[in-house]
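A.B. asks: Sharing a structure, written as structure tokens. Questions coming.
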Amino acid sequence: MLQDLDQLAARIGQLVQRTRQLHAERDALRARLNETEAEQRVLKQRAAEREAEIVTLQSKLQEHDGAVSAMLEQAQQAEVALREQLARETAERHSLESRFSARETELQGNLHTRDTELQRLRVAAASARERIDAVLARLPGAPSGEQH
């Protein structure tokens with residue numbers, strides 16, 4: 001019976017020791033769990049910050065895309081306006097050339113007057129051509145040496 005009690009005491013000692021080990025392991029696991037949870041919170045915070053940055057960048061990208069689209073639209077409108085102006089200037093030039101020609105024929109009676117008037121008309125036509133060439137040179141994509 002004493003031997004049974006010794007065995008029981010030894011067995012209880014083993015159980016106490018095993019219980020202490022389990023408590024130590026539990027405490028270690030809790031510490032690791034706390035560390036892991038802290039790391040998880042840090043990673044979630046970083047992910048949230050990155051997501052916010054991405055949203056901000058996407059918003060800025062959309063704004064820039066909108067601005068680029070608006071500028072492109074303005075450039076296209078300016079090109080259309082310049083082409084219309086060019087067409088008007090060209091029509092005006094043709095009109096002026098036609099009128100100058102008719103005027104020259106009309107003024108053939110007086111040689112001196114005709115020569116003076118013809119010279120003035122040529123200067124005006126050259127000026128008109130220079131203005132048209134200047135407009136053409138300012139058009140986007142116009143070759144630098146093109147003559148019209």
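Chain identifiers are assigned as A, B, and so on, following the order in which chains appear in the structure tokens; residues are numbered from 1 within each chain, and ligands are numbered from 1 in order of appearance.
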Give me the residues within 9 Å of segment 133-143 of chain A as a list of chain:residue names, counting only C-alpha atoms and dropping any in the same chain fewer than 5 places off.
C.D. replies: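 Counting only the stated atoms, we get A:Ala75, A:Glu79, A:Leu82, A:Arg83, A:Gln85, A:Leu86, A:Ala128, A:His148.
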A.B. asks: Write the selection just made, keeping all heavy atoms, as a short mmCIF file (atom, residue, chain, number, x, y, z; two decimals), in the first residue's frame?
C.D. replies:
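Writing the result to result_28.cif gives the following:
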```cif
data_model
loop_
_atom_site.label_atom_id
_atom_site.label_comp_id
_atom_site.auth_asym_id
_atom_site.auth_seq_id
_atom_site.Cartn_x
_atom_site.Cartn_y
_atom_site.Cartn_z
N ALA A 75 -7.63 71.03 -78.72
CA ALA A 75 -6.69 71.05 -79.84
C ALA A 75 -7.41 70.72 -81.15
O ALA A 75 -7.15 71.36 -82.19
CB ALA A 75 -5.54 70.06 -79.61
N GLU A 79 -7.80 73.13 -84.28
CA GLU A 79 -7.41 72.71 -85.63
C GLU A 79 -8.55 72.95 -86.61
O GLU A 79 -8.32 73.47 -87.71
CB GLU A 79 -7.03 71.23 -85.62
CG GLU A 79 -6.62 70.72 -87.00
CD GLU A 79 -6.30 69.24 -87.01
OE1 GLU A 79 -6.49 68.55 -85.99
OE2 GLU A 79 -5.88 68.77 -88.08
N LEU A 82 -8.76 76.64 -87.24
CA LEU A 82 -7.67 77.09 -88.11
C LEU A 82 -7.88 76.64 -89.56
O LEU A 82 -7.59 77.40 -90.49
CB LEU A 82 -6.33 76.57 -87.58
CG LEU A 82 -5.83 77.26 -86.31
CD1 LEU A 82 -4.60 76.54 -85.78
CD2 LEU A 82 -5.52 78.72 -86.57
N ARG A 83 -8.39 75.44 -89.73
CA ARG A 83 -8.67 74.97 -91.09
C ARG A 83 -9.78 75.81 -91.74
O ARG A 83 -9.71 76.14 -92.92
CB ARG A 83 -9.04 73.49 -91.09
CG ARG A 83 -7.85 72.58 -90.82
CD ARG A 83 -8.21 71.11 -90.96
NE ARG A 83 -7.12 70.26 -90.57
CZ ARG A 83 -6.09 69.93 -91.36
NH1 ARG A 83 -6.03 70.42 -92.57
NH2 ARG A 83 -5.14 69.14 -90.91
N GLN A 85 -10.45 78.92 -90.94
CA GLN A 85 -9.81 80.21 -91.21
C GLN A 85 -8.96 80.13 -92.47
O GLN A 85 -8.98 81.04 -93.31
CB GLN A 85 -8.96 80.64 -90.02
CG GLN A 85 -8.28 81.98 -90.22
CD GLN A 85 -7.39 82.37 -89.05
OE1 GLN A 85 -7.30 81.64 -88.07
NE2 GLN A 85 -6.75 83.51 -89.16
N LEU A 86 -8.25 79.02 -92.62
CA LEU A 86 -7.43 78.83 -93.82
C LEU A 86 -8.31 78.82 -95.06
O LEU A 86 -7.98 79.44 -96.08
CB LEU A 86 -6.63 77.53 -93.71
CG LEU A 86 -5.85 77.10 -94.96
CD1 LEU A 86 -4.79 78.14 -95.30
CD2 LEU A 86 -5.25 75.74 -94.76
N ALA A 128 -1.19 88.88 -98.38
CA ALA A 128 -2.19 87.85 -98.08
C ALA A 128 -1.56 86.47 -98.11
O ALA A 128 -1.84 85.62 -97.25
CB ALA A 128 -3.36 87.93 -99.06
N HIS A 148 2.59 76.99 -100.08
CA HIS A 148 1.23 76.91 -100.65
C HIS A 148 0.98 78.07 -101.57
O HIS A 148 1.29 79.16 -101.36
CB HIS A 148 0.17 76.91 -99.55
CG HIS A 148 0.16 75.62 -98.78
ND1 HIS A 148 -0.50 74.50 -99.18
CD2 HIS A 148 0.75 75.29 -97.62
CE1 HIS A 148 -0.36 73.55 -98.32
NE2 HIS A 148 0.42 74.01 -97.35
#
```
A.B. asks: Rounded to one decimal in Å, what is the spacing between atom CA of Ala126 of chain A and atom CA of Arg99 of chain A?
C.D. replies: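 If I compute the distance from atom CA of Ala126 of chain A to atom CA of Arg99 of chain A, I get 14.9 Å.
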A.B. asks: Please determine, counting only C-alpha atoms, which residue among A:Leu118, A:Gln76, A:Ile132, A:Leu2 has the shortest atom-to-atom distance to Ala102 of chain A.
C.D. replies: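 Closest to Ala102 of chain A of all the choices is A:Leu118.
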A.B. asks: With distances taken over only C-alpha atoms, which residue among A:Arg18, A:Lys60, A:Arg122, A:Arg30 lies nearest Glu97 of chain A?
C.D. replies: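 The answer is A:Arg122, which sits nearest to Glu97 of chain A.
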A.B. asks: Could you check the closest approach to Ser101 of chain A for each of A:Leu121, A:Glu84, A:Ala9, A:Thr113 and tell me which residue wins, using only C-alpha atoms?
C.D. replies: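 Of the candidates, the smallest distance to Ser101 of chain A is held by A:Leu121.
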A.B. asks: Using only C-alpha atoms for the distances, tell me which of A:Ala24, A:Ala125, A:Ala10, A:Ala38 is nearest to Glu89 of chain A.
C.D. replies: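 Residue with the minimum atom-to-atom distance to Glu89 of chain A: A:Ala125.
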A.B. asks: Enter the distance from atom CA of Asp4 of chain A to atom CA of Arg20 of chain A, in Å, rounded to one decimal.
C.D. replies: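 One can read the atom CA of Asp4 of chain A to atom CA of Arg20 of chain A distance as 23.9 Å.
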